[in-house]
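As provided, query24.txt (compact mmCIF, C-alpha atoms) reads as follows.
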```txt
# COMPACT_ATOMS: atom_id res chain seq x y z
CA MET A 1 8.95 -37.96 -16.13
CA LYS A 2 12.72 -37.71 -15.94
CA LEU A 3 14.77 -34.69 -14.91
CA TYR A 4 18.15 -34.30 -16.59
CA ASP A 5 20.05 -32.74 -13.73
CA GLY A 6 23.30 -30.83 -13.51
CA GLY A 7 24.23 -31.25 -9.84
CA ARG A 8 25.56 -28.09 -8.21
CA ALA A 9 24.93 -25.80 -11.20
CA PRO A 10 22.46 -23.05 -10.25
CA ASN A 11 19.68 -23.71 -12.77
CA PRO A 12 19.22 -27.41 -12.00
CA ARG A 13 19.16 -26.44 -8.33
CA ARG A 14 16.47 -23.81 -8.99
CA VAL A 15 14.23 -26.55 -10.36
CA ARG A 16 14.94 -28.96 -7.48
CA ILE A 17 14.14 -26.22 -4.94
CA PHE A 18 10.94 -25.42 -6.86
CA PHE A 19 9.80 -29.06 -6.58
CA ALA A 20 10.62 -29.04 -2.86
CA GLU A 21 8.70 -25.80 -2.24
CA LYS A 22 5.73 -27.35 -4.05
CA GLY A 23 5.99 -30.32 -1.71
CA ILE A 24 6.18 -32.84 -4.53
CA PRO A 25 8.83 -35.52 -4.99
CA LEU A 26 11.50 -35.08 -7.64
CA PRO A 27 11.11 -37.21 -10.77
CA GLU A 28 13.78 -39.77 -11.63
CA LEU A 29 17.05 -37.83 -11.94
CA VAL A 30 19.41 -38.40 -14.86
CA PRO A 31 22.75 -36.92 -13.81
CA ILE A 32 24.61 -35.04 -16.56
CA ASP A 33 28.19 -34.08 -15.73
CA ILE A 34 28.76 -30.56 -17.08
CA GLY A 35 32.46 -30.69 -16.13
CA LYS A 36 32.84 -33.70 -18.45
CA LYS A 37 30.87 -31.82 -21.17
CA GLU A 38 28.14 -34.47 -21.12
CA HIS A 39 25.67 -31.67 -22.03
CA ARG A 40 27.44 -31.32 -25.39
CA THR A 41 27.23 -34.94 -26.52
CA PRO A 42 25.15 -35.74 -29.64
CA GLU A 43 22.74 -37.75 -27.43
CA PHE A 44 22.03 -34.83 -25.12
CA THR A 45 21.95 -32.31 -27.99
CA ARG A 46 19.08 -34.31 -29.50
CA ILE A 47 17.18 -33.79 -26.21
CA ASN A 48 18.06 -30.11 -25.89
CA PRO A 49 19.67 -28.46 -28.93
CA SER A 50 20.57 -25.50 -26.67
CA GLN A 51 22.90 -27.90 -24.74
CA ARG A 52 21.74 -26.62 -21.38
CA LEU A 53 20.46 -28.08 -18.15
CA PRO A 54 18.01 -28.88 -16.65
CA VAL A 55 15.60 -30.63 -19.01
CA LEU A 56 12.32 -32.26 -17.97
CA LEU A 57 11.44 -35.20 -20.20
CA LEU A 58 7.68 -35.80 -20.20
CA GLU A 59 5.99 -39.19 -20.60
CA ASP A 60 5.02 -38.38 -24.21
CA GLY A 61 8.66 -37.69 -25.13
CA THR A 62 8.42 -33.88 -25.02
CA ALA A 63 11.71 -32.40 -23.77
CA LEU A 64 11.04 -29.27 -21.77
CA ALA A 65 14.08 -27.02 -21.33
CA GLU A 66 14.59 -23.60 -19.70
CA THR A 67 14.34 -23.55 -15.91
CA ILE A 68 11.38 -21.20 -15.65
CA ALA A 69 9.43 -23.08 -18.35
CA ILE A 70 9.88 -26.28 -16.31
CA CYS A 71 8.76 -24.51 -13.14
CA ARG A 72 5.67 -23.11 -14.87
CA TYR A 73 4.78 -26.58 -16.13
CA ILE A 74 4.96 -27.93 -12.57
CA GLU A 75 2.89 -24.97 -11.35
CA GLY A 76 0.28 -25.83 -14.02
CA LEU A 77 0.04 -29.43 -12.74
CA HIS A 78 0.23 -28.49 -9.04
CA PRO A 79 -1.25 -25.00 -8.62
CA ALA A 80 -0.80 -24.77 -4.83
CA PRO A 81 1.15 -23.12 -3.33
CA ALA A 82 1.07 -20.59 -6.21
CA LEU A 83 4.73 -19.65 -6.62
CA PHE A 84 3.99 -17.59 -9.77
CA GLY A 85 1.00 -15.78 -8.21
CA GLY A 86 -2.70 -15.81 -8.95
CA ALA A 87 -4.51 -12.61 -10.01
CA PRO A 88 -3.08 -10.73 -13.03
CA LYS A 89 -1.41 -7.91 -11.09
CA GLU A 90 0.18 -10.21 -8.51
CA ALA A 91 1.39 -12.62 -11.22
CA ALA A 92 2.80 -9.71 -13.23
CA LEU A 93 4.71 -8.30 -10.24
CA ILE A 94 6.22 -11.72 -9.51
CA GLU A 95 7.19 -12.03 -13.19
CA MET A 96 8.70 -8.53 -13.05
CA TRP A 97 10.85 -9.30 -10.02
CA ASN A 98 11.85 -12.75 -11.22
CA ARG A 99 13.05 -11.18 -14.47
CA ARG A 100 14.69 -8.17 -12.86
CA ILE A 101 16.77 -10.51 -10.72
CA GLU A 102 17.38 -13.08 -13.42
CA LEU A 103 18.40 -10.60 -16.14
CA GLY A 104 20.18 -8.37 -13.62
CA LEU A 105 21.90 -9.92 -10.59
CA PHE A 106 21.84 -13.59 -11.65
CA SER A 107 23.03 -12.80 -15.15
CA ALA A 108 25.88 -10.60 -13.86
CA VAL A 109 27.04 -13.19 -11.29
CA SER A 110 26.91 -15.90 -13.97
CA ALA A 111 29.00 -13.74 -16.30
CA VAL A 112 31.64 -13.27 -13.60
CA PHE A 113 31.74 -17.04 -13.07
CA ARG A 114 31.64 -18.17 -16.69
CA HIS A 115 33.97 -15.54 -18.08
CA GLY A 116 36.24 -15.07 -15.09
CA HIS A 117 36.65 -18.34 -13.19
CA PRO A 118 39.72 -20.38 -14.14
CA ALA A 119 37.70 -23.63 -13.82
CA MET A 120 35.44 -22.44 -16.65
CA ALA A 121 38.26 -21.85 -19.16
CA GLU A 122 37.71 -25.35 -20.55
CA LEU A 123 33.96 -24.85 -21.00
CA GLU A 124 33.60 -21.28 -22.24
CA GLU A 125 35.25 -19.01 -24.77
CA GLN A 126 35.98 -16.62 -21.94
CA VAL A 127 35.82 -12.85 -22.38
CA PRO A 128 37.58 -11.54 -19.24
CA GLU A 129 36.56 -7.95 -20.05
CA TRP A 130 32.92 -9.03 -19.79
CA ALA A 131 33.53 -10.69 -16.43
CA GLU A 132 35.04 -7.44 -15.18
CA ALA A 133 32.24 -5.20 -16.53
CA SER A 134 29.64 -7.55 -15.02
CA ARG A 135 31.39 -7.52 -11.64
CA GLU A 136 31.17 -3.73 -11.58
CA GLN A 137 27.39 -3.84 -11.96
CA ILE A 138 26.72 -6.25 -9.11
CA ASP A 139 26.48 -3.67 -6.33
CA ASP A 140 23.71 -1.81 -8.19
CA HIS A 141 21.74 -5.04 -8.58
CA LEU A 142 22.26 -5.90 -4.90
CA MET A 143 21.11 -2.42 -3.88
CA LEU A 144 17.82 -2.85 -5.77
CA LEU A 145 17.21 -6.23 -4.09
CA ASP A 146 18.18 -4.94 -0.66
CA LEU A 147 15.76 -2.01 -0.95
CA GLN A 148 12.94 -4.36 -1.93
CA LEU A 149 13.75 -6.71 0.96
CA GLY A 150 13.80 -3.78 3.36
CA ALA A 151 10.10 -3.28 2.64
CA ASN A 152 9.06 -6.94 2.32
CA ARG A 153 9.71 -10.22 4.14
CA PHE A 154 10.11 -11.97 0.78
CA VAL A 155 10.86 -10.38 -2.59
CA CYS A 156 7.19 -9.98 -3.52
CA GLY A 157 5.56 -9.64 -0.12
CA ASP A 158 4.73 -11.98 2.77
CA GLY A 159 5.07 -15.28 0.96
CA LEU A 160 7.85 -17.01 -0.91
CA THR A 161 7.61 -16.97 -4.74
CA VAL A 162 9.72 -18.09 -7.65
CA ALA A 163 11.44 -14.67 -7.48
CA ASP A 164 12.93 -15.64 -4.08
CA ILE A 165 14.24 -18.89 -5.52
CA THR A 166 15.93 -17.05 -8.39
CA ALA A 167 17.33 -14.37 -6.07
CA GLY A 168 18.51 -16.86 -3.44
CA ILE A 169 20.28 -18.94 -6.07
CA ALA A 170 21.95 -15.80 -7.43
CA ILE A 171 23.23 -14.89 -3.95
CA ASP A 172 24.46 -18.47 -3.39
CA PHE A 173 26.22 -18.39 -6.76
CA MET A 174 28.31 -15.40 -5.62
CA LYS A 175 30.42 -17.72 -3.46
CA PRO A 176 31.90 -19.94 -6.21
CA SER A 177 32.12 -16.79 -8.36
CA ARG A 178 34.34 -15.29 -5.62
CA ILE A 179 32.15 -12.20 -5.15
CA PRO A 180 31.81 -11.18 -1.50
CA LEU A 181 28.41 -9.96 -0.25
CA PRO A 182 29.11 -6.57 1.36
CA GLU A 183 28.21 -6.38 5.07
CA ASP A 184 25.87 -3.43 4.62
CA PHE A 185 23.20 -5.29 2.66
CA ALA A 186 21.48 -6.21 5.93
CA ASN A 187 18.08 -6.93 4.39
CA ILE A 188 19.57 -9.42 1.93
CA ARG A 189 21.46 -11.10 4.80
CA ARG A 190 18.30 -11.40 6.93
CA TRP A 191 16.26 -12.83 4.06
CA HIS A 192 19.03 -15.11 2.78
CA GLY A 193 19.46 -16.55 6.27
CA GLU A 194 15.75 -17.29 6.39
CA LEU A 195 15.80 -18.89 2.92
CA SER A 196 18.84 -21.01 3.69
CA ALA A 197 17.11 -22.46 6.76
CA ARG A 198 14.20 -23.82 4.69
CA PRO A 199 14.23 -27.58 4.04
CA SER A 200 13.95 -26.89 0.26
CA TRP A 201 17.34 -25.18 0.32
CA LYS A 202 19.14 -28.44 1.15
CA VAL A 203 18.17 -30.26 -2.06
CA MET B 1 -3.27 3.10 -17.54
CA LYS B 2 -0.28 4.82 -19.08
CA LEU B 3 2.51 3.21 -21.08
CA TYR B 4 5.94 4.81 -20.75
CA ASP B 5 7.20 4.17 -24.25
CA GLY B 6 10.65 4.19 -25.82
CA GLY B 7 9.84 4.65 -29.51
CA ARG B 8 11.92 2.50 -31.84
CA ALA B 9 13.68 0.54 -29.08
CA PRO B 10 12.86 -3.18 -29.36
CA ASN B 11 11.25 -3.80 -25.96
CA PRO B 12 8.70 -0.96 -26.13
CA ARG B 13 7.85 -2.19 -29.61
CA ARG B 14 7.35 -5.75 -28.31
CA VAL B 15 4.67 -4.45 -25.95
CA ARG B 16 2.94 -2.32 -28.62
CA ILE B 17 2.84 -5.33 -30.98
CA PHE B 18 1.45 -7.47 -28.14
CA PHE B 19 -1.42 -4.99 -27.62
CA ALA B 20 -2.10 -4.96 -31.37
CA GLU B 21 -2.15 -8.78 -31.59
CA LYS B 22 -4.62 -8.80 -28.68
CA GLY B 23 -6.78 -6.40 -30.66
CA ILE B 24 -6.93 -3.86 -27.83
CA PRO B 25 -6.09 -0.16 -28.07
CA LEU B 26 -2.84 1.12 -26.60
CA PRO B 27 -3.12 3.05 -23.34
CA GLU B 28 -2.05 6.68 -23.24
CA LEU B 29 1.62 6.76 -24.32
CA VAL B 30 4.20 8.77 -22.39
CA PRO B 31 7.19 9.12 -24.71
CA ILE B 32 10.59 8.78 -23.02
CA ASP B 33 13.58 9.70 -25.17
CA ILE B 34 16.32 7.15 -24.48
CA GLY B 35 18.79 9.06 -26.68
CA LYS B 36 18.37 12.05 -24.36
CA LYS B 37 18.77 9.73 -21.32
CA GLU B 38 15.26 10.57 -20.10
CA HIS B 39 15.10 7.02 -18.66
CA ARG B 40 17.87 7.98 -16.23
CA THR B 41 16.24 11.07 -14.72
CA PRO B 42 15.33 11.00 -11.00
CA GLU B 43 11.62 11.24 -11.98
CA PHE B 44 11.75 8.15 -14.18
CA THR B 45 14.01 6.26 -11.75
CA ARG B 46 11.28 6.63 -9.12
CA ILE B 47 8.89 4.88 -11.54
CA ASN B 48 11.37 2.17 -12.54
CA PRO B 49 14.56 1.91 -10.47
CA SER B 50 15.97 -0.37 -13.19
CA GLN B 51 15.86 2.67 -15.56
CA ARG B 52 14.41 0.62 -18.40
CA LEU B 53 11.51 0.88 -20.79
CA PRO B 54 8.66 0.15 -21.23
CA VAL B 55 6.72 0.63 -17.99
CA LEU B 56 2.95 0.22 -17.63
CA LEU B 57 1.55 2.49 -14.93
CA LEU B 58 -1.68 1.04 -13.51
CA GLU B 59 -4.62 3.08 -12.19
CA ASP B 60 -3.66 2.28 -8.58
CA GLY B 61 -0.14 3.67 -9.11
CA THR B 62 1.61 0.31 -9.52
CA ALA B 63 4.48 0.62 -11.99
CA LEU B 64 4.86 -2.60 -13.94
CA ALA B 65 8.23 -2.98 -15.67
CA GLU B 66 9.81 -5.80 -17.70
CA THR B 67 8.30 -6.37 -21.15
CA ILE B 68 7.11 -9.92 -20.58
CA ALA B 69 5.58 -9.04 -17.19
CA ILE B 70 3.55 -6.30 -18.90
CA CYS B 71 2.46 -8.71 -21.64
CA ARG B 72 1.40 -11.31 -19.06
CA TYR B 73 -0.64 -8.70 -17.22
CA ILE B 74 -2.45 -7.82 -20.45
CA GLU B 75 -2.99 -11.54 -21.15
CA GLY B 76 -4.51 -11.89 -17.65
CA LEU B 77 -7.00 -9.08 -18.37
CA HIS B 78 -7.70 -10.16 -21.98
CA PRO B 79 -7.20 -13.93 -22.20
CA ALA B 80 -8.09 -14.29 -25.91
CA PRO B 81 -6.23 -14.85 -28.17
CA ALA B 82 -3.97 -16.74 -25.74
CA LEU B 83 -0.49 -15.60 -26.75
CA PHE B 84 1.12 -17.41 -23.78
CA GLY B 85 -0.84 -20.66 -24.36
CA GLY B 86 -3.45 -22.46 -22.34
CA ALA B 87 -2.84 -26.01 -21.05
CA PRO B 88 0.32 -26.55 -18.95
CA LYS B 89 2.38 -28.29 -21.63
CA GLU B 90 1.51 -25.78 -24.35
CA ALA B 91 2.19 -22.82 -22.03
CA ALA B 92 5.50 -24.37 -20.96
CA LEU B 93 6.65 -24.89 -24.56
CA ILE B 94 5.80 -21.27 -25.42
CA GLU B 95 7.71 -20.13 -22.32
CA MET B 96 10.64 -22.33 -23.35
CA TRP B 97 10.84 -20.88 -26.86
CA ASN B 98 10.26 -17.31 -25.74
CA ARG B 99 13.17 -17.70 -23.31
CA ARG B 100 15.41 -19.58 -25.72
CA ILE B 101 15.05 -16.73 -28.19
CA GLU B 102 15.19 -13.95 -25.64
CA LEU B 103 18.22 -15.26 -23.75
CA GLY B 104 19.85 -16.50 -26.96
CA LEU B 105 19.30 -14.59 -30.21
CA PHE B 106 17.75 -11.40 -28.83
CA SER B 107 20.34 -11.10 -26.08
CA ALA B 108 23.22 -11.63 -28.53
CA VAL B 109 21.87 -9.09 -31.06
CA SER B 110 21.33 -6.58 -28.23
CA ALA B 111 24.90 -7.10 -27.04
CA VAL B 112 26.24 -6.42 -30.55
CA PHE B 113 24.19 -3.21 -30.69
CA ARG B 114 24.82 -1.93 -27.16
CA HIS B 115 28.49 -2.81 -26.98
CA GLY B 116 29.43 -2.36 -30.63
CA HIS B 117 27.39 0.43 -32.19
CA PRO B 118 29.06 3.87 -32.20
CA ALA B 119 25.70 5.54 -31.45
CA MET B 120 25.56 3.66 -28.12
CA ALA B 121 28.95 4.87 -26.86
CA GLU B 122 27.21 7.71 -25.01
CA LEU B 123 24.71 5.39 -23.29
CA GLU B 124 26.74 2.30 -22.39
CA GLU B 125 30.09 1.48 -20.89
CA GLN B 126 30.88 -0.48 -24.01
CA VAL B 127 32.85 -3.72 -23.95
CA PRO B 128 33.78 -4.25 -27.61
CA GLU B 129 35.14 -7.75 -26.88
CA TRP B 130 31.64 -8.73 -25.70
CA ALA B 131 30.06 -7.34 -28.87
CA GLU B 132 32.46 -9.46 -30.91
CA ALA B 133 31.91 -12.67 -28.89
CA SER B 134 28.14 -12.16 -29.12
CA ARG B 135 28.30 -11.63 -32.87
CA GLU B 136 30.07 -14.97 -33.25
CA GLN B 137 27.20 -16.79 -31.53
CA ILE B 138 24.42 -15.39 -33.69
CA ASP B 139 24.57 -17.99 -36.46
CA ASP B 140 24.04 -20.81 -33.94
CA HIS B 141 20.99 -19.04 -32.53
CA LEU B 142 19.63 -18.42 -36.04
CA MET B 143 20.17 -22.07 -36.94
CA LEU B 144 18.06 -23.21 -33.97
CA LEU B 145 15.24 -20.82 -34.94
CA ASP B 146 15.43 -21.78 -38.63
CA LEU B 147 15.16 -25.49 -37.79
CA GLN B 148 12.11 -24.85 -35.62
CA LEU B 149 10.48 -22.73 -38.36
CA GLY B 150 11.19 -25.46 -40.91
CA ALA B 151 8.83 -27.71 -38.97
CA ASN B 152 6.25 -25.09 -37.91
CA ARG B 153 4.40 -22.17 -39.49
CA PHE B 154 5.02 -20.12 -36.34
CA VAL B 155 7.62 -20.73 -33.64
CA CYS B 156 5.31 -22.88 -31.50
CA GLY B 157 3.00 -24.36 -34.13
CA ASP B 158 0.12 -23.11 -36.26
CA GLY B 159 -0.67 -19.93 -34.36
CA LEU B 160 1.26 -16.82 -33.44
CA THR B 161 2.45 -16.59 -29.82
CA VAL B 162 4.57 -14.24 -27.75
CA ALA B 163 7.60 -16.28 -28.86
CA ASP B 164 7.05 -15.04 -32.44
CA ILE B 165 6.90 -11.45 -31.25
CA THR B 166 10.20 -11.84 -29.38
CA ALA B 167 11.84 -13.64 -32.30
CA GLY B 168 10.53 -11.18 -34.91
CA ILE B 169 11.78 -8.23 -32.88
CA ALA B 170 15.18 -9.90 -32.55
CA ILE B 171 15.40 -10.36 -36.34
CA ASP B 172 14.31 -6.74 -36.92
CA PHE B 173 16.94 -5.56 -34.43
CA MET B 174 19.68 -7.16 -36.54
CA LYS B 175 19.37 -4.30 -39.05
CA PRO B 176 20.36 -1.36 -36.80
CA SER B 177 22.92 -3.72 -35.22
CA ARG B 178 24.45 -4.15 -38.71
CA ILE B 179 24.16 -7.94 -38.67
CA PRO B 180 23.12 -9.36 -42.06
CA LEU B 181 20.66 -12.28 -42.13
CA PRO B 182 22.39 -14.96 -44.23
CA GLU B 183 20.44 -15.98 -47.38
CA ASP B 184 20.33 -19.65 -46.43
CA PHE B 185 17.97 -19.24 -43.46
CA ALA B 186 14.98 -19.68 -45.77
CA ASN B 187 12.51 -20.66 -43.06
CA ILE B 188 13.28 -17.52 -41.06
CA ARG B 189 12.86 -15.41 -44.22
CA ARG B 190 9.48 -17.01 -45.04
CA TRP B 191 8.18 -16.56 -41.49
CA HIS B 192 9.61 -13.04 -41.05
CA GLY B 193 7.97 -11.96 -44.31
CA GLU B 194 4.65 -13.27 -43.00
CA LEU B 195 5.10 -11.52 -39.63
CA SER B 196 6.10 -8.21 -41.23
CA ALA B 197 2.91 -8.19 -43.30
CA ARG B 198 0.68 -8.33 -40.20
CA PRO B 199 -1.01 -5.06 -39.20
CA SER B 200 0.49 -5.40 -35.68
CA TRP B 201 3.98 -5.11 -37.12
CA LYS B 202 3.40 -1.49 -38.22
CA VAL B 203 2.87 -0.13 -34.67
```

Structure rendered as structure tokens:
Amino acid sequence: MKLYDGGRAPNPRRVRIFFAEKGIPLPELVPIDIGKKEHRTPEFTRINPSQRLPVLLLEDGTALAETIAICRYIEGLHPAPALFGGAPKEAALIEMWNRRIELGLFSAVSAVFRHGHPAMAELEEQVPEWAEASREQIDDHLMLLDLQLGANRFVCGDGLTVADITAGIAIDFMKPSRIPLPEDFANIRRWHGELSARPSWKV
Amino acid sequence: MKLYDGGRAPNPRRVRIFFAEKGIPLPELVPIDIGKKEHRTPEFTRINPSQRLPVLLLEDGTALAETIAICRYIEGLHPAPALFGGAPKEAALIEMWNRRIELGLFSAVSAVFRHGHPAMAELEEQVPEWAEASREQIDDHLMLLDLQLGANRFVCGDGLTVADITAGIAIDFMKPSRIPLPEDFANIRRWHGELSARPSWKV
């Protein structure tokens, strides 16, 4: 297996953290420099026509794209610890929270970065109005996460799941997106401090 | 179980089609009128703080939101036919395509509708520039789907999966979003005709 990696970009990091939380070594990394548009070359487009990172290339030549699809594949090969849950209800609640955060907070922070950050002007057809509208929604998304973390050690209960990885990455991504985390989200701060201290978070 | 339903909206319909493809009866439906903002009432917000439909309310009071989380729960209770796949690689490829279509085509069509359709002005803080930018990306997303359907009867091979339901709903949603499907996407037209003739598509 080879992992086409995108360095500091949040989705490649989500996959590397997932491997680390599973306790399994990373496959051979193939670095792709997004800043140099290496994800838009004809060679890479043949691997992933969506021109996105990361991609896991399997031994049989199958190119597996989409962060969560890669994580699920790894979970299928290495079921423990179960980061997507076990029984139907537990698995569904983890899926719900992973999606709530991904389609809510993570998506809004990404929109602020991609459509608002000067460094992205080269890479995106920026729509500054969309960056602004997304920025205005972030507090609502943070509030939902903070409430959940007020009642739970991790997003879905006592143990870390893929929903924590997605949420932690979204909070981390606020920094380069120049979005401050308001002081009053104390539950997010407590949980994010705990996440950041885990060995997986250094990958 | 009760299903809080949103009528013609695409995500509630995705869940109803999923039930039909599983061959299991729908739970009791609780109609929520999005046009009348019934999904924003305090009562409904207690059920789903994200104020979105559909929601599956379980017997123990758990409110399960997010379309794909609901579908996975149903798949957990009724494994056959396996609409999310079985073996790790197959399940990962279905997840990849479901996400590619959901985060690509479906998301772009939704943005055109929500941010561009006059009927949505009451419900959304519309960003017309985002509707326009999303509209411009739709042909690329359609091209990717058409290529895949040129090589496969269904999105992920010979059998229908959740990725077909997401993709079919996205194509259907182009009509109220006033986005024509160009004539030259013949593979999409062939497949969409086949989907639309299935009994599940009438729900």

If we count all atoms listed in the file, which residues of chain A reach to within 10 Å of chain B? Please list them as an MDAnalysis selection string. chainID A and resid 49:50 58 62:77 86:100 103:104 125:133 140:141 144

Å distance separating atom CA of B:Arg8 from atom CA of B:Val203, one decimal place: 9.8 Å

Between B:Leu123, B:Pro42, B:Tyr4, B:Asp33, which is the closest to B:Arg16 once you count all atoms listed in the file? B:Tyr4

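Relative to atom CA of A:Ser196, atom CA of A:Asp146 is found at 16.7 Å.
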
Write out as a PyMOL selection string which residues come within 10 Å of A:Asp184 when counting all atoms listed in the file, dropping same-chain ones fewer than 4 positions away. chain A and resi 143+146+188-189

Mind checking which residues fall within 9 Å of B:Pro27, counting only C-alpha atoms, ignoring those fewer than 6 positions away in the same chain, and posting them as an mmCIF file with C-alpha atoms, keeping the file's coordinate frame?
```
data_model
loop_
_atom_site.group_PDB
_atom_site.id
_atom_site.type_symbol
_atom_site.label_atom_id
_atom_site.label_comp_id
_atom_site.auth_asym_id
_atom_site.auth_seq_id
_atom_site.Cartn_x
_atom_site.Cartn_y
_atom_site.Cartn_z
ATOM 1 C CA MET B 1 -3.270 3.100 -17.540
ATOM 2 C CA LYS B 2 -0.280 4.820 -19.080
ATOM 3 C CA LEU B 3 2.510 3.210 -21.080
ATOM 4 C CA LEU B 56 2.950 0.220 -17.630
#
```

Residues within 12 Å of (20.5, -40.8, -24.5), file coordinates, counting all atoms listed in the file: what are they? Give the list as a PyMOL selection string. chain A and resi 2+4+30-32+38-48+57

Point-to-point distance in Å for atom CA of B:Arg14 and atom CA of B:Ile169: 6.8 Å
